[in-house]
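The structure under discussion appears below in the form of structure tokens.
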Amino acid sequence: MANEKLIVVDESMFGQDAAAKTAEANKVARKFGIDDKALAAVEDFKQALADNNAWDLPFMGYVNEDGYGYAYVPDRAVSPTTGWDAHKAFKELPEDVQTAFAIRMLFTHRDVDRYGADVFLHYERGFVVRFEGPGSNNY
């Protein structure tokens with residue numbers, strides 16, 4: 001039986017421009033019933049991350065603990081410049097927006113965001129994410 005919640009990410013997308021990565025992520029999100037309203041809210045959250053200098057924080061809640069695996073650290077996503085709690089804001093988003101945002105992060109060039117999204121989608125949404133491409137570990 002095929003996994004109904006399987007997301008396959010082609011690693012060649014990581015080198016594409018932002019518009020191509022966004023288009024691919026939105027295509028995947030729509031496959032799971034996420035609508036344009038939720039996708040627009042993803043853009044709003046991305047802007048809030050930028051406005052609060054929070055892109056380098058574990059806003060989905062998960063961080064790689066220096067080789068010890070991923071840990072849920074909800075208190076480590078507070079912006080040092082504005083005090084904005086990015087994880088709290090993420091958790092306050094509707095579930096479809098959270099899911100769409102995590103799917104978008106699977107296609108980003110930033111390893112930390114991809115891996116955090118993978119963990120979030122697996123543990124909080126029941127998805128299986130498979131990365132495919134040259135050098136992929138297929139984890």
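Simple scheme: letters A, B, ... for chains in structure tokens order, numbers from 1 for residues in each chain, numbers from 1 for ligands in the order shown.
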Contacts between segment 14-32 of chain A and segment 79-134 of chain A, please, where a residue of segment 79-134 of chain A counts if it comes within 9 Å (with only C-alpha atoms); show its shortest atom pair and distance in Å to one decimal, rows by chain and ascending number, as a tab-separated table.
```
residue	atom	partner	partner_atom	distance
A:Thr99	CA	A:Ala29	CA	7.9
A:Ala100	CA	A:Ala29	CA	5.7
A:Phe101	CA	A:Ala29	CA	9.0
A:Ile103	CA	A:Ala25	CA	6.1
A:Arg104	CA	A:Ala25	CA	5.0
A:Met105	CA	A:Ala25	CA	8.2
A:Leu106	CA	A:Ala25	CA	7.7
A:Phe107	CA	A:Lys21	CA	5.9
A:Thr108	CA	A:Phe14	CA	6.0
A:His109	CA	A:Phe14	CA	5.1
A:Arg110	CA	A:Phe14	CA	8.6
```
Output file for the selection above: all heavy atoms, as a short mmCIF file (atom, residue, chain, number, x, y, z; two decimals), in the first residue's frame:
```
data_model
loop_
_atom_site.label_atom_id
_atom_site.label_comp_id
_atom_site.auth_asym_id
_atom_site.auth_seq_id
_atom_site.Cartn_x
_atom_site.Cartn_y
_atom_site.Cartn_z
N THR A 99 1.49 23.55 7.83
CA THR A 99 1.88 22.46 6.93
C THR A 99 2.44 23.01 5.64
O THR A 99 3.48 22.55 5.16
CB THR A 99 0.67 21.53 6.67
OG1 THR A 99 0.20 21.04 7.93
CG2 THR A 99 1.05 20.36 5.78
N ALA A 100 1.77 24.00 5.06
CA ALA A 100 2.24 24.60 3.82
C ALA A 100 3.61 25.24 4.00
O ALA A 100 4.49 25.13 3.14
CB ALA A 100 1.23 25.63 3.31
N PHE A 101 3.80 25.91 5.14
CA PHE A 101 5.09 26.53 5.41
C PHE A 101 6.19 25.48 5.52
O PHE A 101 7.27 25.63 4.96
CB PHE A 101 5.03 27.37 6.69
CG PHE A 101 6.27 28.18 6.90
CD1 PHE A 101 6.43 29.40 6.29
CD2 PHE A 101 7.30 27.68 7.68
CE1 PHE A 101 7.60 30.14 6.45
CE2 PHE A 101 8.46 28.40 7.86
CZ PHE A 101 8.61 29.64 7.25
N ILE A 103 6.22 22.51 4.21
CA ILE A 103 6.47 21.97 2.86
C ILE A 103 7.36 22.93 2.09
O ILE A 103 8.30 22.52 1.41
CB ILE A 103 5.14 21.69 2.13
CG1 ILE A 103 4.45 20.48 2.76
CG2 ILE A 103 5.38 21.45 0.63
CD1 ILE A 103 3.03 20.23 2.28
N ARG A 104 7.08 24.23 2.21
CA ARG A 104 7.93 25.22 1.51
C ARG A 104 9.36 25.10 1.97
O ARG A 104 10.29 25.18 1.17
CB ARG A 104 7.38 26.62 1.80
CG ARG A 104 8.20 27.76 1.22
CD ARG A 104 7.96 27.98 -0.26
NE ARG A 104 6.59 28.30 -0.54
CZ ARG A 104 6.07 29.52 -0.51
NH1 ARG A 104 6.83 30.55 -0.21
NH2 ARG A 104 4.81 29.70 -0.79
N MET A 105 9.58 24.89 3.25
CA MET A 105 10.94 24.82 3.78
C MET A 105 11.68 23.57 3.32
O MET A 105 12.91 23.54 3.32
CB MET A 105 10.93 24.90 5.31
CG MET A 105 10.49 26.25 5.87
SD MET A 105 11.53 27.64 5.38
CE MET A 105 10.57 28.35 4.03
N LEU A 106 10.97 22.55 2.88
CA LEU A 106 11.64 21.36 2.34
C LEU A 106 12.43 21.69 1.09
O LEU A 106 13.37 20.98 0.74
CB LEU A 106 10.61 20.28 1.99
CG LEU A 106 9.90 19.61 3.16
CD1 LEU A 106 8.84 18.66 2.62
CD2 LEU A 106 10.87 18.88 4.07
N PHE A 107 12.06 22.75 0.40
CA PHE A 107 12.69 23.11 -0.87
C PHE A 107 13.69 24.25 -0.76
O PHE A 107 14.22 24.71 -1.75
CB PHE A 107 11.59 23.47 -1.89
CG PHE A 107 10.77 22.29 -2.28
CD1 PHE A 107 9.65 21.92 -1.53
CD2 PHE A 107 11.12 21.50 -3.36
CE1 PHE A 107 8.89 20.81 -1.87
CE2 PHE A 107 10.37 20.39 -3.70
CZ PHE A 107 9.25 20.05 -2.96
N THR A 108 13.97 24.70 0.46
CA THR A 108 14.87 25.81 0.65
C THR A 108 16.33 25.38 0.49
O THR A 108 16.65 24.19 0.54
CB THR A 108 14.65 26.46 2.04
OG1 THR A 108 15.47 27.63 2.12
CG2 THR A 108 15.00 25.51 3.15
N HIS A 109 17.19 26.35 0.35
CA HIS A 109 18.63 26.07 0.25
C HIS A 109 19.27 25.87 1.62
O HIS A 109 20.41 25.48 1.72
CB HIS A 109 19.33 27.21 -0.48
CG HIS A 109 19.27 28.51 0.25
ND1 HIS A 109 18.13 29.29 0.29
CD2 HIS A 109 20.18 29.15 1.03
CE1 HIS A 109 18.34 30.35 1.02
NE2 HIS A 109 19.58 30.30 1.48
N ARG A 110 18.52 26.12 2.67
CA ARG A 110 19.07 26.07 4.03
C ARG A 110 18.82 24.70 4.66
O ARG A 110 17.67 24.34 4.92
CB ARG A 110 18.45 27.17 4.88
CG ARG A 110 18.77 28.56 4.39
CD ARG A 110 17.85 29.61 5.00
NE ARG A 110 17.59 29.43 6.40
CZ ARG A 110 18.32 29.95 7.38
NH1 ARG A 110 19.35 30.70 7.11
NH2 ARG A 110 17.99 29.72 8.63
#
```
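DSSP secondary structure from the backbone places Leu6, Ile7, Val8, Val9, Asp10, Tyr62, Val63, Asn64, Tyr70, Ala71, Tyr72, Val78, Asp85, Val128, Val129, Arg130, Phe131 and Glu132 of chain A of chain A in strand (DSSP E or B).
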Output C-alpha atoms for every residue in that selection, as a tab-separated table (two decimals), in the first residue's frame.
```
chain	number	residue	atom	x	y	z
A	6	LEU	CA	4.56	10.82	1.01
A	7	ILE	CA	6.48	13.89	-0.13
A	8	VAL	CA	9.35	13.34	-2.53
A	9	VAL	CA	11.82	16.23	-2.75
A	10	ASP	CA	14.13	16.33	-5.76
A	62	TYR	CA	13.18	21.64	16.03
A	63	VAL	CA	16.93	22.05	16.09
A	64	ASN	CA	19.85	19.72	15.47
A	70	TYR	CA	16.85	16.72	16.61
A	71	ALA	CA	15.29	18.11	19.74
A	72	TYR	CA	12.11	20.08	20.27
A	78	VAL	CA	12.88	34.30	20.28
A	85	ASP	CA	8.70	34.53	19.58
A	128	VAL	CA	7.02	10.72	5.15
A	129	VAL	CA	9.57	12.90	3.36
A	130	ARG	CA	12.02	11.33	0.94
A	131	PHE	CA	14.87	13.36	-0.51
A	132	GLU	CA	16.09	12.08	-3.88
```
key: Contact residues around Leu49 of chain A with only C-alpha atoms at 12 Å, ignoring same-chain residues under 3 positions, as an MDAnalysis selection string   = chainID A and resid 42:46 52:60 77:79 81:87 89:90 101
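Counting only C-alpha atoms, the residue from A:Lys88, A:Arg76, A:Lys5, A:Arg114 that sits nearest to Ala102 of chain A is A:Arg114.
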request  = Please run DSSP on the backbone and report, as an NGL selection string, all residues within segment 66-137 of chain A that come out as alpha helix (DSSP H).
outcome  = :A and (86-92 or 95-106 or 111-125)
